[in-house]
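Colleague: Data file query-v3.txt (compact mmCIF, C-alpha atoms) is appended below.
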```txt
# COMPACT_ATOMS: atom_id res chain seq x y z
CA MET A 8 -25.02 8.32 -47.41
CA LYS A 9 -26.01 11.90 -48.14
CA LYS A 10 -25.83 14.73 -45.58
CA THR A 11 -27.92 17.92 -45.60
CA ASN A 12 -27.11 21.36 -44.14
CA GLY A 13 -24.02 19.96 -42.42
CA GLN A 14 -26.16 17.71 -40.22
CA ALA A 15 -25.64 14.00 -39.57
CA PRO A 16 -27.46 11.52 -41.81
CA ALA A 17 -31.20 11.18 -41.19
CA CYS A 18 -30.82 7.67 -39.78
CA GLY A 19 -28.56 9.03 -37.07
CA VAL A 20 -25.61 6.81 -38.00
CA ALA A 21 -22.45 8.54 -39.21
CA ASP A 22 -20.43 7.14 -42.10
CA PHE A 23 -17.75 5.08 -40.30
CA ARG A 24 -15.18 5.90 -42.94
CA ASP A 25 -15.18 9.55 -41.80
CA ASP A 26 -16.24 9.12 -38.19
CA TYR A 27 -12.83 8.56 -36.61
CA PRO A 28 -10.01 10.81 -35.35
CA LYS A 29 -7.21 11.38 -37.84
CA PHE A 30 -3.56 11.84 -37.01
CA THR A 31 -2.42 15.12 -38.52
CA PRO A 32 1.16 16.29 -39.12
CA ALA A 33 0.76 18.88 -36.34
CA MET A 34 0.22 16.06 -33.82
CA LYS A 35 3.90 15.15 -34.13
CA HIS A 36 4.55 17.87 -31.57
CA THR A 37 1.62 17.14 -29.25
CA HIS A 38 0.98 13.39 -29.22
CA LYS A 39 2.74 10.31 -27.87
CA ILE A 40 2.55 7.32 -30.23
CA LEU A 41 2.22 3.81 -28.78
CA VAL A 42 3.61 0.87 -30.76
CA PRO A 43 2.79 -2.81 -30.00
CA ASP A 44 5.70 -5.05 -29.15
CA MET A 45 6.61 -7.80 -31.63
CA LEU A 46 10.41 -7.91 -31.80
CA PRO A 47 11.78 -6.07 -28.75
CA VAL A 48 15.31 -5.54 -30.10
CA HIS A 49 14.33 -4.67 -33.68
CA PHE A 50 11.50 -2.38 -32.63
CA GLY A 51 13.68 -0.82 -29.93
CA ILE A 52 16.20 0.25 -32.59
CA ILE A 53 13.41 1.57 -34.83
CA VAL A 54 11.76 3.51 -31.99
CA ASP A 55 15.11 5.06 -31.01
CA PHE A 56 15.80 6.44 -34.48
CA LEU A 57 12.24 7.73 -34.88
CA ARG A 58 12.65 9.57 -31.57
CA LYS A 59 15.78 11.19 -32.97
CA ASP A 60 13.60 12.42 -35.85
CA GLY A 61 11.34 14.19 -33.36
CA TRP A 62 8.61 11.60 -32.81
CA ASP A 63 7.48 10.84 -29.26
CA ILE A 64 7.13 7.05 -29.61
CA GLU A 65 6.94 4.36 -26.94
CA LEU A 66 7.26 0.61 -27.45
CA LEU A 67 4.70 -1.17 -25.27
CA ARG A 68 5.99 -3.92 -22.98
CA ASN A 69 2.76 -4.87 -21.17
CA ASP A 70 2.18 -8.60 -21.67
CA SER A 71 0.13 -9.83 -18.72
CA ARG A 72 -3.06 -11.89 -18.96
CA ALA A 73 -4.95 -8.58 -18.65
CA VAL A 74 -3.83 -7.78 -22.21
CA ILE A 75 -5.50 -10.92 -23.58
CA ASP A 76 -8.64 -10.26 -21.52
CA GLU A 77 -8.90 -6.72 -22.90
CA GLY A 78 -8.52 -8.13 -26.41
CA LEU A 79 -11.34 -10.58 -25.78
CA LYS A 80 -13.60 -7.76 -24.61
CA HIS A 81 -13.09 -5.67 -27.74
CA VAL A 82 -12.37 -8.14 -30.56
CA HIS A 83 -14.67 -11.01 -31.54
CA ASN A 84 -13.13 -14.28 -30.39
CA ASP A 85 -13.39 -15.70 -33.91
CA THR A 86 -10.91 -13.06 -35.05
CA CYS A 87 -7.28 -14.15 -35.26
CA PHE A 88 -5.21 -14.26 -32.10
CA PRO A 89 -2.58 -11.66 -33.19
CA ALA A 90 -5.30 -9.06 -33.82
CA LEU A 91 -6.69 -9.77 -30.36
CA CYS A 92 -3.24 -9.42 -28.74
CA VAL A 93 -2.39 -6.11 -30.41
CA THR A 94 -5.78 -4.55 -29.69
CA GLY A 95 -5.64 -5.76 -26.11
CA GLN A 96 -2.15 -4.33 -25.64
CA PHE A 97 -3.34 -0.91 -26.81
CA ILE A 98 -6.47 -0.89 -24.62
CA ASP A 99 -4.60 -2.17 -21.56
CA ALA A 100 -1.94 0.53 -21.97
CA LEU A 101 -4.50 3.32 -22.43
CA LYS A 102 -6.35 2.16 -19.29
CA SER A 103 -3.16 2.09 -17.22
CA GLY A 104 -3.31 5.81 -16.40
CA LYS A 105 0.25 6.33 -17.66
CA TYR A 106 -0.83 8.33 -20.70
CA ASP A 107 -2.78 11.49 -21.47
CA VAL A 108 -5.33 9.84 -23.74
CA GLU A 109 -6.27 13.21 -25.24
CA HIS A 110 -2.74 13.44 -26.59
CA THR A 111 -1.98 9.82 -27.43
CA ALA A 112 -2.10 7.90 -30.72
CA VAL A 113 -1.47 4.24 -31.58
CA MET A 114 0.44 2.92 -34.60
CA ILE A 115 0.35 -0.44 -36.37
CA THR A 116 2.13 -1.74 -39.46
CA GLN A 117 0.14 -3.17 -42.37
CA SER A 118 1.54 -5.37 -45.13
CA GLY A 119 -1.47 -5.05 -47.41
CA GLY A 120 -2.30 -8.75 -47.58
CA GLY A 121 -5.73 -10.29 -47.95
CA CYS A 122 -6.25 -11.20 -44.28
CA ARG A 123 -5.93 -9.38 -40.95
CA ALA A 124 -2.89 -7.51 -42.30
CA SER A 125 -5.36 -5.20 -44.05
CA ASN A 126 -8.10 -5.30 -41.41
CA TYR A 127 -6.24 -4.31 -38.26
CA ILE A 128 -7.04 -0.62 -38.59
CA PRO A 129 -10.87 -0.86 -38.56
CA LEU A 130 -10.71 -3.47 -35.78
CA ILE A 131 -8.59 -1.19 -33.58
CA ARG A 132 -10.70 1.87 -34.40
CA LYS A 133 -13.86 0.03 -33.47
CA ALA A 134 -12.30 -1.11 -30.17
CA LEU A 135 -11.15 2.43 -29.30
CA LYS A 136 -14.41 4.10 -30.31
CA SER A 137 -16.36 3.34 -27.13
CA GLU A 138 -13.74 4.21 -24.49
CA PHE A 139 -11.07 6.27 -26.21
CA PRO A 140 -12.82 8.06 -29.08
CA HIS A 141 -10.14 10.76 -29.39
CA VAL A 142 -7.20 8.38 -29.92
CA PRO A 143 -6.12 8.28 -33.61
CA VAL A 144 -4.85 5.09 -35.26
CA ILE A 145 -1.80 5.46 -37.50
CA SER A 146 -1.11 2.98 -40.28
CA LEU A 147 2.52 2.41 -41.19
CA ASN A 148 2.27 0.76 -44.60
CA PHE A 149 3.76 0.93 -48.08
CA ALA A 150 0.67 -0.13 -50.01
CA GLY A 151 -1.39 3.06 -49.80
CA LEU A 152 -3.97 1.47 -47.50
CA GLU A 153 -4.46 4.57 -45.32
CA LYS A 154 -3.81 7.71 -47.28
CA ASP A 155 -4.49 10.11 -44.38
CA SER A 156 -2.43 8.48 -41.63
CA GLY A 157 -0.45 11.69 -41.06
CA PHE A 158 2.82 9.77 -40.67
CA PRO A 159 5.17 10.69 -43.52
CA ILE A 160 7.17 7.90 -45.16
CA ASP A 161 10.00 9.16 -47.38
CA ALA A 162 12.99 7.43 -48.94
CA LYS A 163 15.27 8.35 -46.04
CA THR A 164 12.88 6.88 -43.46
CA LEU A 165 12.51 3.71 -45.54
CA LEU A 166 16.28 3.25 -45.64
CA LYS A 167 16.52 3.76 -41.88
CA LEU A 168 13.77 1.18 -41.33
CA ALA A 169 15.42 -1.32 -43.68
CA PHE A 170 18.81 -1.13 -42.02
CA ALA A 171 17.31 -1.19 -38.53
CA ILE A 172 15.76 -4.52 -39.56
CA PHE A 173 19.05 -5.82 -40.98
CA TYR A 174 20.87 -4.92 -37.75
CA GLY A 175 18.08 -6.32 -35.60
CA ASP A 176 18.15 -9.60 -37.53
CA THR A 177 21.93 -9.86 -37.11
CA LEU A 178 21.69 -9.21 -33.37
CA MET A 179 18.87 -11.75 -32.97
CA SER A 180 20.86 -14.43 -34.77
CA LEU A 181 24.18 -13.76 -33.01
CA TYR A 182 22.55 -13.64 -29.59
CA ASN A 183 20.79 -16.98 -30.11
CA GLN A 184 24.05 -18.55 -31.33
CA CYS A 185 25.90 -17.36 -28.21
CA LYS A 186 23.41 -17.39 -25.33
CA PRO A 187 23.01 -21.20 -24.99
CA TYR A 188 26.79 -21.69 -25.03
CA GLU A 189 28.04 -18.73 -22.97
CA GLU A 190 30.58 -19.71 -20.31
CA GLU A 191 29.96 -16.55 -18.30
CA ALA A 192 26.30 -15.91 -17.36
CA GLY A 193 24.97 -12.73 -18.95
CA ALA A 194 27.85 -12.33 -21.43
CA ALA A 195 25.56 -12.56 -24.48
CA ASP A 196 23.11 -10.07 -22.97
CA ALA A 197 25.94 -7.62 -22.28
CA ALA A 198 27.19 -8.00 -25.86
CA ARG A 199 23.71 -7.35 -27.26
CA ALA A 200 23.21 -4.25 -25.10
CA GLU A 201 26.59 -2.89 -26.18
CA CYS A 202 25.77 -3.53 -29.84
CA VAL A 203 22.42 -1.74 -29.55
CA ARG A 204 24.24 1.32 -28.17
CA TYR A 205 26.73 1.13 -31.05
CA ILE A 206 23.91 1.02 -33.61
CA ASN A 207 22.16 3.96 -31.96
CA GLY A 208 25.42 5.89 -32.10
CA ALA A 209 25.72 5.17 -35.82
CA TYR A 210 22.20 6.56 -36.32
CA ASP A 211 23.15 9.64 -34.28
CA ARG A 212 26.08 10.27 -36.59
CA GLY A 213 24.06 9.60 -39.74
CA LYS A 214 26.23 6.54 -40.49
CA TYR A 215 23.44 3.95 -40.55
CA LEU A 216 24.12 3.15 -44.23
CA HIS A 217 27.63 1.90 -43.40
CA TYR A 218 26.21 -1.57 -42.96
CA MET A 219 29.41 -3.55 -43.54
CA ARG A 220 31.28 -1.57 -40.88
CA ILE A 221 28.39 -1.85 -38.42
CA THR A 222 27.83 -5.56 -39.10
CA ARG A 223 31.54 -6.23 -38.67
CA ALA A 224 31.49 -4.46 -35.31
CA LEU A 225 28.53 -6.61 -34.17
CA LEU A 226 30.27 -9.81 -35.28
CA GLU A 227 33.52 -8.85 -33.57
CA ARG A 228 31.72 -8.09 -30.31
CA PHE A 229 29.86 -11.42 -30.21
CA ALA A 230 33.00 -13.30 -31.29
CA ARG A 231 34.51 -12.19 -27.96
CA VAL A 232 31.78 -13.95 -25.94
CA PRO A 233 33.41 -17.06 -24.41
CA ARG A 234 31.43 -20.11 -25.58
CA SER A 235 31.55 -23.82 -24.90
CA ARG A 236 31.84 -26.32 -27.73
CA GLU A 237 29.03 -28.49 -26.40
CA GLU A 238 26.56 -29.46 -29.12
CA LYS A 239 22.96 -28.60 -28.24
CA VAL A 240 19.57 -29.14 -29.78
CA LYS A 241 18.74 -26.47 -32.36
CA VAL A 242 15.08 -25.53 -32.71
CA GLY A 243 13.72 -23.40 -35.54
CA ILE A 244 10.70 -21.16 -35.05
CA VAL A 245 8.42 -20.52 -38.03
CA GLY A 246 4.81 -19.52 -38.56
CA GLU A 247 2.59 -16.47 -38.72
CA ILE A 248 4.77 -13.39 -38.35
CA TYR A 249 3.34 -12.09 -35.06
CA VAL A 250 3.33 -15.34 -33.07
CA LYS A 251 6.69 -16.31 -34.59
CA TYR A 252 8.36 -13.27 -33.04
CA SER A 253 6.19 -11.76 -30.31
CA PRO A 254 6.84 -12.89 -26.71
CA LEU A 255 3.22 -11.98 -25.92
CA GLY A 256 1.90 -13.98 -28.88
CA ASN A 257 4.04 -17.12 -28.41
CA SER A 258 4.19 -17.29 -24.59
CA HIS A 259 7.88 -16.27 -24.55
CA LEU A 260 8.87 -19.21 -26.76
CA GLU A 261 12.52 -18.20 -27.25
CA GLU A 262 13.03 -17.83 -23.50
CA PHE A 263 11.46 -21.25 -22.94
CA LEU A 264 13.74 -22.92 -25.49
CA LEU A 265 16.79 -21.29 -23.91
CA SER A 266 15.66 -22.50 -20.48
CA GLU A 267 15.49 -26.03 -21.93
CA GLY A 268 19.13 -25.79 -23.02
CA CYS A 269 18.30 -25.36 -26.72
CA GLU A 270 19.52 -22.97 -29.37
CA PRO A 271 16.57 -21.09 -30.93
CA VAL A 272 16.96 -20.48 -34.66
CA VAL A 273 14.65 -17.67 -35.74
CA PRO A 274 14.37 -16.61 -39.41
CA ALA A 275 15.01 -12.97 -40.27
CA LEU A 276 12.31 -10.31 -40.27
CA MET A 277 13.89 -9.04 -43.48
CA ASP A 278 12.76 -12.31 -45.10
CA PHE A 279 9.16 -11.22 -44.60
CA VAL A 280 9.91 -7.74 -46.00
CA MET A 281 11.49 -9.28 -49.09
CA TYR A 282 8.63 -11.79 -49.32
CA CYS A 283 6.16 -8.89 -49.53
CA ALA A 284 8.28 -7.14 -52.16
CA VAL A 285 8.79 -10.17 -54.36
CA ASN A 286 5.10 -11.08 -54.17
CA ASN A 287 4.31 -7.80 -55.91
CA VAL A 288 6.73 -8.80 -58.67
CA ASN A 289 5.25 -12.31 -58.83
CA ASP A 290 1.76 -10.83 -59.21
CA ALA A 291 2.83 -9.32 -62.52
CA LYS A 292 4.31 -12.61 -63.74
CA LEU A 293 1.68 -15.05 -62.46
CA TYR A 294 -1.53 -13.03 -62.56
CA SER A 295 -0.75 -10.22 -65.05
CA LYS A 296 -1.35 -7.83 -62.17
CA ARG A 297 1.13 -5.11 -63.05
CA SER A 298 0.98 -1.60 -61.62
CA ILE A 299 3.21 1.48 -61.55
CA THR A 300 4.71 0.21 -58.29
CA THR A 301 5.81 -3.16 -59.73
CA PRO A 302 9.23 -1.93 -60.98
CA VAL A 303 9.72 -0.05 -57.68
CA PHE A 304 9.22 -3.25 -55.69
CA ALA A 305 11.51 -5.13 -58.09
CA LEU A 306 14.26 -2.53 -57.61
CA ALA A 307 13.80 -2.54 -53.82
CA TYR A 308 14.01 -6.33 -53.76
CA ARG A 309 17.24 -6.40 -55.79
CA TYR A 310 18.85 -3.83 -53.49
CA LEU A 311 17.79 -5.59 -50.27
CA HIS A 312 18.98 -8.95 -51.58
CA HIS A 313 22.32 -7.40 -52.58
CA VAL A 314 22.80 -6.10 -49.02
CA GLN A 315 21.67 -9.42 -47.54
CA LYS A 316 24.21 -11.41 -49.57
CA LYS A 317 27.09 -9.19 -48.43
CA ILE A 318 26.05 -9.56 -44.78
CA ILE A 319 25.83 -13.35 -45.22
CA ARG A 320 29.37 -13.53 -46.64
CA LEU A 321 30.74 -11.42 -43.80
CA THR A 322 28.92 -13.50 -41.17
CA ARG A 323 30.51 -16.69 -42.50
CA LYS A 324 33.98 -15.15 -42.24
CA TYR A 325 33.50 -14.79 -38.49
CA GLY A 326 32.43 -18.41 -38.05
CA PHE A 327 28.75 -17.76 -37.33
CA GLU A 328 25.83 -19.42 -39.11
CA PRO A 329 24.36 -16.75 -41.41
CA LEU A 330 20.69 -16.10 -41.94
CA HIS A 331 19.15 -17.63 -45.07
CA ASP A 332 19.77 -16.20 -48.52
CA PHE A 333 16.31 -15.20 -49.73
CA GLU A 334 16.85 -16.58 -53.22
CA HIS A 335 17.62 -19.94 -51.60
CA LEU A 336 14.36 -19.64 -49.66
CA ARG A 337 12.50 -19.15 -52.94
CA LYS A 338 14.09 -22.32 -54.35
CA CYS A 339 13.10 -24.19 -51.20
CA ALA A 340 9.54 -22.96 -51.60
CA ASP A 341 9.38 -24.25 -55.16
CA LYS A 342 10.00 -27.77 -53.84
CA VAL A 343 6.88 -27.61 -51.70
CA LEU A 344 4.46 -24.85 -52.69
CA ASN A 345 3.99 -22.51 -55.64
CA GLN A 346 5.04 -18.92 -55.02
CA GLY A 347 1.61 -17.83 -56.15
CA VAL A 348 0.30 -19.00 -52.75
CA LYS A 349 0.91 -15.75 -50.90
CA MET A 350 -2.04 -15.23 -48.54
CA GLY A 351 -0.67 -14.36 -45.10
CA GLU A 352 2.83 -15.84 -44.83
CA GLY A 353 1.96 -18.32 -47.60
CA TRP A 354 4.90 -20.04 -49.27
CA LEU A 355 7.40 -18.45 -46.89
CA ILE A 356 6.50 -20.87 -44.06
CA PRO A 357 7.34 -24.16 -45.86
CA ALA A 358 10.33 -22.43 -47.46
CA GLU A 359 11.74 -21.59 -44.03
CA MET A 360 11.11 -25.12 -42.74
CA ALA A 361 12.91 -26.62 -45.73
CA ALA A 362 15.83 -24.18 -45.46
CA LEU A 363 16.19 -24.92 -41.73
CA ALA A 364 16.34 -28.65 -42.43
CA GLU A 365 19.00 -28.11 -45.10
CA THR A 366 21.19 -26.14 -42.67
CA GLY A 367 21.10 -28.64 -39.82
CA THR A 368 18.05 -27.45 -37.86
CA ASP A 369 15.80 -30.48 -38.03
CA ASN A 370 13.62 -29.56 -35.03
CA ILE A 371 10.96 -26.95 -35.72
CA VAL A 372 8.10 -25.29 -33.87
CA CYS A 373 5.43 -24.12 -36.31
CA ALA A 374 3.56 -21.44 -34.36
CA GLN A 375 -0.08 -21.32 -35.44
CA PRO A 376 -2.41 -18.57 -34.21
CA PHE A 377 -6.11 -19.26 -33.84
CA GLY A 378 -8.10 -17.87 -36.75
CA CYS A 379 -5.22 -17.89 -39.25
CA LEU A 380 -6.42 -20.16 -42.04
CA PRO A 381 -3.46 -19.44 -44.40
CA ASN A 382 -1.02 -20.46 -41.68
CA HIS A 383 -2.79 -23.76 -41.04
CA ILE A 384 -2.78 -24.57 -44.77
CA ALA A 385 0.73 -23.42 -45.71
CA GLY A 386 2.25 -24.36 -42.34
CA LYS A 387 0.66 -27.44 -40.81
CA GLY A 388 -0.64 -28.57 -44.21
CA ALA A 389 2.91 -28.78 -45.62
CA VAL A 390 4.39 -30.82 -42.75
CA ARG A 391 3.78 -34.25 -44.30
CA THR A 392 5.43 -33.22 -47.57
CA LEU A 393 8.42 -31.78 -45.71
CA LYS A 394 8.86 -34.93 -43.63
CA ARG A 395 8.92 -36.99 -46.81
CA MET A 396 11.61 -34.68 -48.21
CA TYR A 397 13.73 -34.53 -45.04
CA GLU A 398 13.58 -37.82 -43.14
CA HIS A 399 15.00 -36.41 -39.88
CA GLU A 400 12.78 -33.32 -39.75
CA ASN A 401 11.02 -33.16 -36.37
CA ILE A 402 8.14 -30.65 -36.55
CA VAL A 403 5.50 -29.77 -33.98
CA ALA A 404 2.61 -27.42 -34.78
CA VAL A 405 1.59 -25.45 -31.70
CA ASP A 406 -1.67 -23.51 -31.50
CA TYR A 407 -1.70 -20.10 -29.80
CA ASP A 408 -5.11 -18.75 -28.83
CA PRO A 409 -6.83 -17.07 -25.85
CA SER A 410 -7.91 -20.37 -24.30
CA ALA A 411 -4.65 -22.28 -24.80
CA THR A 412 -2.57 -22.62 -21.63
CA LYS A 413 1.16 -22.08 -21.57
CA VAL A 414 1.58 -25.46 -19.84
CA ASN A 415 -0.11 -27.34 -22.68
CA GLN A 416 1.90 -25.46 -25.30
CA GLU A 417 5.18 -26.18 -23.51
CA ASN A 418 4.27 -29.85 -22.99
CA ARG A 419 3.79 -30.29 -26.74
CA ILE A 420 7.18 -28.69 -27.35
CA LYS A 421 8.80 -30.86 -24.66
CA LEU A 422 7.60 -33.99 -26.49
CA MET A 423 9.27 -32.71 -29.64
CA LEU A 424 12.44 -31.92 -27.65
CA ALA A 425 12.53 -35.46 -26.23
CA THR A 426 12.74 -36.81 -29.77
CA ALA A 427 15.26 -34.11 -30.69
CA ARG A 428 17.56 -35.10 -27.81
CA GLU A 429 17.35 -38.78 -28.77
CA ASN A 430 18.27 -37.91 -32.35
CA LEU A 431 21.18 -35.74 -31.19
CA ALA A 432 22.49 -38.50 -28.91
CA ALA A 433 22.28 -41.01 -31.76
CA LYS A 434 24.10 -38.61 -34.07
CA GLN A 435 26.85 -38.03 -31.49
CA LYS A 436 27.22 -41.78 -30.89
CA GLN A 437 27.52 -42.39 -34.61
CA GLY A 438 30.08 -39.62 -34.90
CA LYS A 439 32.22 -41.16 -32.15
CA GLY A 440 31.95 -44.56 -33.77
CA GLU A 441 33.09 -43.24 -37.10
CA GLY A 442 35.85 -41.28 -35.41
CA ASP A 443 37.49 -44.30 -33.78
CA GLY A 444 37.06 -46.46 -36.88
CA ARG A 445 34.83 -49.01 -35.19
CA GLY A 446 31.53 -47.93 -36.72
CA VAL A 447 28.21 -48.20 -34.94
```
Mind converting the file's structure to structure tokens?
Modeller:
Amino acid sequence: MKKTNGQAPACGVADFRDDYPKFTPAMKHTHKILVPDMLPVHFGIIVDFLRKDGWDIELLRNDSRAVIDEGLKHVHNDTCFPALCVTGQFIDALKSGKYDVEHTAVMITQSGGGCRASNYIPLIRKALKSEFPHVPVISLNFAGLEKDSGFPIDAKTLLKLAFAIFYGDTLMSLYNQCKPYEEEAGAADAARAECVRYINGAYDRGKYLHYMRITRALLERFARVPRSREEKVKVGIVGEIYVKYSPLGNSHLEEFLLSEGCEPVVPALMDFVMYCAVNNVNDAKLYSKRSITTPVFALAYRYLHHVQKKIIRLTRKYGFEPLHDFEHLRKCADKVLNQGVKMGEGWLIPAEMAALAETGTDNIVCAQPFGCLPNHIAGKGAVRTLKRMYEHENIVAVDYDPSATKVNQENRIKLMLATARENLAAKQKQGKGEGDGRGV
């Protein structure tokens, strides 16, 4: 739309592409940046190191019903639930009076996929436009989606982010393997808090690349948590990335499973990072979609997988169940769904469900957000095939949306847990029978 003499277009409507506040490099020294909560421990580590680099960043913890209501006011209710949650969390925080909105920005990550992952930014800008028109939206992405975000991403920052995710994944896994079995209440929480301080200290000293030393320290600390040998129901959590991890998005699912005496088994966030990287490589092979970034993604994937394999070997040495090897996940995917199916979480969801079944986690919650068509197809749509492949797999698909009540969600999970407990009791009975030579 053409402008004349510096005036607005004749129709009186500004071009939306230019009609929004931009985050400039100078704002690093004047603005607080708000980040939505998805993985409290992971994001806490990331926020801490970014603060050390001079950024005034705060991880939002508001997760009341008011957050969902604000999302409903500003995002069409046919839009996916995660987009509604994130937008609502921003608006609720800005309305709280805690922040100088003239000197506040919000930041969201984007993976560059074909769904909401690429559409968050305009949704959030539109929501902010009426009440907080001076608040810039920063895109943290590696696909060149927002070229004027004002937030610099260099090789050093990328490495810090990658290892923060590795350490966060390790902490998440170790905590979930210790918390249900701790003999002293709060011992696992104390271990996790101590490990977070240790990681922050490593970042302070510039030693964040010493991943074997840091991982060994985390393993040694959790190995000292006194644990019972009681066998408990293990429940995997898969699905769309936000509702899989976010306490706001999944109604505090991990806490609920722990309260039910279960061991939550949550796949690594690094799996999603590697999934995004390898999809760029697959694009070149499957669709002849090669670009100058293809070899960069291939190199990044090889390096991340190399680090992952070393962490897995070390984890096994300390007697803990390691997170999945990503190449094994790819092989699991090939049994169910072609790796060309990459919209949203695509082939990663059935791959994780298959890998969980192969490592003794037969019980799975597939978290499905409203409005996420890829998740319903690749997640719920693959359940029948997976149950044919793994006869003991016990999967429940749970919908998360603004109208769904926590009670209904938990009741569906409790039905799955009833079957899980029966299966565990039968397994234990069979084991005792085989142990005393009498059979079952």
Colleague: Residues at most 9 Å from range 381-384 of chain A, counting all atoms listed in the file, excluding those fewer than 5 positions away in the same chain, as a JSON list (two decimals) with C-alpha atoms, in the coordinates of the input?
Modeller:
```json
[["chain", "number", "residue", "atom", "x", "y", "z"],
["A", 122, "CYS", "CA", -6.25, -11.20, -44.28],
["A", 246, "GLY", "CA", 4.81, -19.52, -38.56],
["A", 247, "GLU", "CA", 2.59, -16.47, -38.72],
["A", 349, "LYS", "CA", 0.91, -15.75, -50.90],
["A", 350, "MET", "CA", -2.04, -15.23, -48.54],
["A", 351, "GLY", "CA", -0.67, -14.36, -45.10],
["A", 352, "GLU", "CA", 2.83, -15.84, -44.83],
["A", 353, "GLY", "CA", 1.96, -18.32, -47.60],
["A", 356, "ILE", "CA", 6.50, -20.87, -44.06],
["A", 374, "ALA", "CA", 3.56, -21.44, -34.36],
["A", 375, "GLN", "CA", -0.08, -21.32, -35.44],
["A", 376, "PRO", "CA", -2.41, -18.57, -34.21],
["A", 389, "ALA", "CA", 2.91, -28.78, -45.62]]
```
Colleague: Could you pull the residues within 12 Å of Lys167 in chain A, counting all atoms listed in the file, minus those fewer than 2 positions along the same chain, as a ChimeraX atom specification?
Modeller: /A:49,52-57,59-60,160-165,169-175,206-207,209-211,213-218
Colleague: Please measure the separation of CA of Arg297 in chain A and CA of Ala275 in chain A, giving the value in Å to one decimal.
Modeller: 27.8 Å
Colleague: Counting all atoms listed in the file, which residue out of A:Ile40, A:Leu330, A:Ala100, A:Leu355 sits closest to Leu178 in chain A?
Modeller: A:Leu330
Colleague: Using all atoms listed in the file, which residue out of A:Lys342, A:Lys186, A:Arg72, A:Lys434 lies closest to Glu262 in chain A?
Modeller: A:Lys186
Colleague: Which neighbours of His335 in chain A fall inside 10 Å, counting all atoms listed in the file, when residues of the same chain fewer than 6 positions from it are skipped, and could you give them as a list in words?
Modeller: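 The neighbour list is Asp341, Ala358, Glu359 and Ala362 of chain A.
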Colleague: Fewer than 2 positions away in the same chain doesn't count, so skip those; otherwise give me all residues within 12 Å of range 288-296 of chain A, counting all atoms listed in the file, as a count of residues only.
Modeller: 24
Colleague: Which one of A:Val390, A:Leu363, A:Ile371, A:Ala194 sits closest to Val343 in chain A if you count only C-alpha atoms?
Modeller: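 Closest candidate: A:Val390.
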Colleague: Contacts of range 74-81 of chain A at 12 Å or less, counting only C-alpha atoms, minus same-chain residues fewer than 6 places along, as a PyMOL selection string?
Modeller: chain A and resi 43+67-68+87-103+130-138+255-256+258+407-411
Colleague: Expressed in Å to a single decimal, how great is the separation between CA of Ile420 in chain A and CA of Cys339 in chain A?
Modeller: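 We find that CA of Ile420 in chain A and CA of Cys339 in chain A lie 25.0 Å from each other.
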Colleague: Distance CA of Ala433 in chain A-CA of Val414 in chain A, one decimal place?
Modeller: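 So the answer is 28.5 Å.
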Colleague: Can you work out which one of A:Leu380, A:Val144, A:Val280, A:Ala404 has the shortest atom-to-atom distance to Leu311 in chain A, counting all atoms listed in the file?
Modeller: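 Once distances to Leu311 in chain A are computed over all atoms listed in the file, the minimum belongs to A:Val280.
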Colleague: Kindly indicate which residue among A:Gln184, A:Thr392, A:Ser118, A:Gln437 lies nearest to Ser235 in chain A, using only C-alpha atoms for the distances.
Modeller: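 Closest candidate: A:Gln184.
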Colleague: Residues around (32.7, -20.7, -23.7), cut-off 8 Å, counting only C-alpha atoms - what are they as a PyMOL selection string?
Modeller: chain A and resi 188-191+232-236
Colleague: List every protein, DNA or RNA residue that has an atom no more than 12 Å from (29.3, -3.8, -44.0) in the file's coordinate frame, counting all atoms listed in the file, and report them as a list in words.
Modeller: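 Checking each residue against the 12 Å limit leaves Phe170, Phe173, Tyr174, Thr177, Lys214, Tyr215, Leu216, His217, Tyr218, Met219, Arg220, Ile221, Thr222, Arg223, Ala224, Leu225, Leu226, His313, Val314, Gln315, Lys316, Lys317, Ile318, Ile319, Arg320, Leu321 and Thr322 of chain A.
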Colleague: With distances taken over only C-alpha atoms, which of A:Lys436, A:Ala198, A:Asn430, A:Ile115 is nearest to Glu398 in chain A?
Modeller: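 Checking each of A:Lys436, A:Ala198, A:Asn430, A:Ile115 against Glu398 in chain A, counting only C-alpha atoms, the winner is A:Asn430.
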